[in-house]
Amino acid sequence: MDKQNSKFRWIVFATVLFTYFIIVSQRTAPGLISDQLMKDFNVTASTIGLLASIQFFAYAGLQVPIGILSDRFGPNLFLIVGTLLTGVGTLLYSLAPNESILFLARLIVGTGDATIWVNVVLILSQWFKGNEFIKLLGMAGMTGSLGFLMATVPFSIWIALTGWRASFFTMGIILCLCGILLYFVLVKYPKRMIQNNAVTSSSSVKPELKREKTLVILNRIFSNRQAWAVFFCHFGAVGTYVGFIGSWAVPYGMDVFDMTRSGASQFIMIGLIGALIGAPLTSWISSRMQSIKKPYITVHLLIFLSWAAFLLFSGKPPLIILMLLFLLIGYGNGASALTFAVVRQSFDVKEVGVASGFANMGGFLSAVLLPSIFGKVLDHFHFAESNVGYLYGFFIPVIFSIIGLIGGILIKEQSKEITQTKELSV
C-alpha cells in the first residue's frame with residue numbers, strides 16, 4: 001500500500017489529531033482544580049506542585065527511550081498503548097479516594113502521554129510526503145493549542161456543572177475509545193488493505209538495515225550541539241508555559257486578582273489564542289525569511305521579556321498588560337513548533353524520533369521543575385500578601401526563558417542545499 005498517495009492518509013491524520021487534541025486537553029486540565037484538590041484532600045501547595053510535576057517527570061524521562069523504540073519498532077503500537085494508558089490514568093484520577101492514588105493516576109497519565117507527540121510526528125512522516133509534512137506539523141501544533149484551549153473556559157464550565165470527578169471520568173472513557181479507534185485506523189484497516197491488494201511486506205525485497213547500538217545513537221545525540229540547542233529551546237518555550245498553565249495560572253488569577261475560576265480560565269484562554277496564532281504565523285515568517293534561527297531567537301527574546309514584565313509590575317500587572325503578557329507567552333509556546341522544524345532539517349530521518357524525543361524532553365523537564373519549585377515558593381511566603389509569593393515565583397520562568405534564548409543562539413542553521421537534499425530523501 002502506497003501510504004503517501006492513499007486517500008486513507010487523511011483519515012489517519014484526522015484520527016491521530018483528534019486523539020492528540022483530547023490528550024493535550026487533559027495535560028493541563030488538573031490545573032483548573034488545584035484549589036479544590038487542596039481542600040478535598042487537605043494538601044499543601046507544594047503537594048499540588050509535585051502532583052503536576054510527577055506527570056511531566058514521567059513524560060520527560062520517557063522521551064528519549066520512546067524515541068529510540070519508535071524509530072526501531074514503529075510508532076503505531078506506542079501511540080495506541082499510550083492513548084489507552086492516558087485514558088486509564090484519567091479514569092483512576094476521577095475515582096481517587098486519597099492523594100496517593102492521585103499521584104499514581106497522574107504517573108500513569110504521564111507515561112501514556114510520553115508516547116504521543118513523538119509518534120504523532122513519526123506517523124505523519126510515514127503517511128505524508130516531505131512538503132506536506134511540514135505544513136501538517138504546524139496544524140498538529142495548532143491542534144495541541146486547541147486542546148489546551150478546551151481545558152480553559154469550556155472544561156471549567158463543565159466542572160462547575162457536573163463536578164470535577166464526573167468530568168474527568170467522562171474524558172477517561174473518551175480516551176479509551178480513542179485508543180480502540182486508533183487500533184482499527186492504524187493497524188487493522190491498513191493490514192486488510194494490504195491483504196486485499198495481495199501485497200505483503202515480503203513482496204518487495206529490501207536489504208535489512210544494520211541497526212546501530214542504542215548507546216552509539218545516544219552518544220551521537222548527547223554530543224550533538226544541535227540536539228542541545230533544540231533541547232534548550234523547548235526548555236524555555238514550552239516548559240515555562242505548560243508548567244505554569246498546568247498548575248498555578250488559575251490560582252494566580254483567583255488569589256491575586258480575586259477572579260472567579262471561570263474568569264481566571266479566560267485569561268488562560270487568551271494565552272491559548274496566542275498559541276494558536278504562534279504555530280502557523282511563525283512558520284510562515286520562517287519560510288519567508290528562509291531561516292529558522294532568526295525568528296526563533298526573536299520568539300525566545302519575546303518570551304523572556306514577557307516573564308520579566310511580571311517582576312517589573314511586582315507580580316501584579318494591570319489587567320490589560322496581563323492580557324498582553326498571556327497572549328505573548330502563549331504565542332511563544334505555539335512558535336515552539338520550530339523546534340521540530342530544526343530537528344527535521346538537522347537529523348537523518350532514521351533519527352528523527354530520538355532527536356524529537358530529546359528536544360521534547362527539554363520542554364517537559366522544565367514543566368516538571370516549574371510547578372514544584374513554584375509551589376515551594378508559594379508555601380514559603382504563605383503568610384505574606386498573595387502577590388508576594390507569585391512575585392518571587394516568577395523568577396523561575398524568567399531564568400528558564402533565558403536558557404531557551406541561549407538555545408536559540410546555539411542553533412546552527414542548515415544550508416539550503418543540505419535541506420533540499422534531506423527533503424528529497426524522505
# chains A, B, ... in the order shown; residues from 1 in each chain; ligands from 1
call {"tool": "select_by_dssp", "arguments": {"residues": "segment 206-308 of chain A", "states": "helix (DSSP H, G or I)", "output": "ChimeraX atom specification"}}
result
/A:214-222,225-245,249-257,261-289,293-308
call {"tool": "residues_around", "arguments": {"residues": "Leu281 of chain A", "least_positions_apart": "4", "cutoff": "8 Å", "atoms": "only C-alpha atoms", "output": "PDB file with N, CA and C atoms, in the first residue's frame"}}
result
ATOM      1  N   ILE A 277      -2.118  31.218  17.198  1.00  0.00           N
ATOM      2  CA  ILE A 277      -1.532  32.107  16.187  1.00  0.00           C
ATOM      3  C   ILE A 277      -0.058  31.772  15.978  1.00  0.00           C
ATOM      4  N   ILE A 285       6.534  33.063   8.771  1.00  0.00           N
ATOM      5  CA  ILE A 285       7.629  34.037   8.818  1.00  0.00           C
ATOM      6  C   ILE A 285       8.964  33.354   8.556  1.00  0.00           C
ATOM      7  N   ALA A 335       4.868  28.963  18.832  1.00  0.00           N
ATOM      8  CA  ALA A 335       6.006  29.059  17.922  1.00  0.00           C
ATOM      9  C   ALA A 335       7.045  27.978  18.170  1.00  0.00           C
TER      10      ALA A 335
END
call {"tool": "closest_residue", "arguments": {"among": "A:Glu99, A:Phe128, A:Gly144, A:Gly357", "to": "Asn5 of chain A", "atoms": "only C-alpha atoms"}}
result
A:Phe128
call {"tool": "closest_atom_pairs", "arguments": {"of": "segment 137-235 of chain A", "to": "segment 23-46 of chain A", "cutoff": "12 Å", "atoms": "only C-alpha atoms", "output": "CSV"}}
result
residue,atom,partner,partner_atom,distance
A:Ala140,CA,A:Val24,CA,11.2
A:Gly141,CA,A:Val24,CA,10.6
A:Met142,CA,A:Val24,CA,11.2
A:Thr143,CA,A:Val24,CA,8.7
A:Gly144,CA,A:Val24,CA,5.9
A:Ser145,CA,A:Val24,CA,8.1
A:Leu146,CA,A:Ser25,CA,7.9
A:Gly147,CA,A:Ser25,CA,4.2
A:Phe148,CA,A:Ser25,CA,4.9
A:Leu149,CA,A:Ser25,CA,7.4
A:Met150,CA,A:Ser25,CA,5.9
A:Ala151,CA,A:Ala29,CA,5.1
A:Thr152,CA,A:Ala29,CA,7.4
A:Val153,CA,A:Leu32,CA,9.5
A:Pro154,CA,A:Ala29,CA,10.6
A:Phe155,CA,A:Ala29,CA,7.5
A:Ser156,CA,A:Leu32,CA,6.7
A:Ile157,CA,A:Leu32,CA,10.4
A:Trp158,CA,A:Leu32,CA,11.1
A:Ile159,CA,A:Ile33,CA,8.7
A:Ala160,CA,A:Ile33,CA,10.3
A:Gly163,CA,A:Ile33,CA,10.0
A:Trp164,CA,A:Ile33,CA,7.5
A:Arg165,CA,A:Ile33,CA,10.4
A:Ser167,CA,A:Ala29,CA,10.2
A:Phe168,CA,A:Gln26,CA,8.3
A:Phe169,CA,A:Gln26,CA,11.3
A:Thr170,CA,A:Gln26,CA,11.4
A:Met171,CA,A:Gln26,CA,8.0
A:Gly172,CA,A:Gln26,CA,9.2
A:Ile173,CA,A:Ile23,CA,11.9
A:Ile174,CA,A:Ile23,CA,9.9
A:Leu175,CA,A:Ile23,CA,7.4
A:Cys176,CA,A:Ile23,CA,10.8
A:Cys178,CA,A:Ile23,CA,9.8
A:Gly179,CA,A:Ile23,CA,10.9
call {"tool": "residues_around", "arguments": {"residues": "Ala264 of chain A", "least_positions_apart": "5", "cutoff": "9 Å", "atoms": "only C-alpha atoms", "output": "ChimeraX atom specification"}}
result
/A:152-153,249-254,257-259,269
call {"tool": "residues_around", "arguments": {"residues": "segment 220-236 of chain A", "least_positions_apart": "6", "cutoff": "9 Å", "atoms": "only C-alpha atoms", "output": "JSON, numbers by chain"}}
result
{"A": [296, 300, 303, 304, 333, 336, 339, 340, 342, 343, 346, 351, 354, 355, 356, 358, 359, 360, 361, 362, 363, 364, 365, 366, 367, 397, 398, 399, 400, 401, 402, 403, 404, 405, 406, 407, 408, 409, 410, 411, 412]}
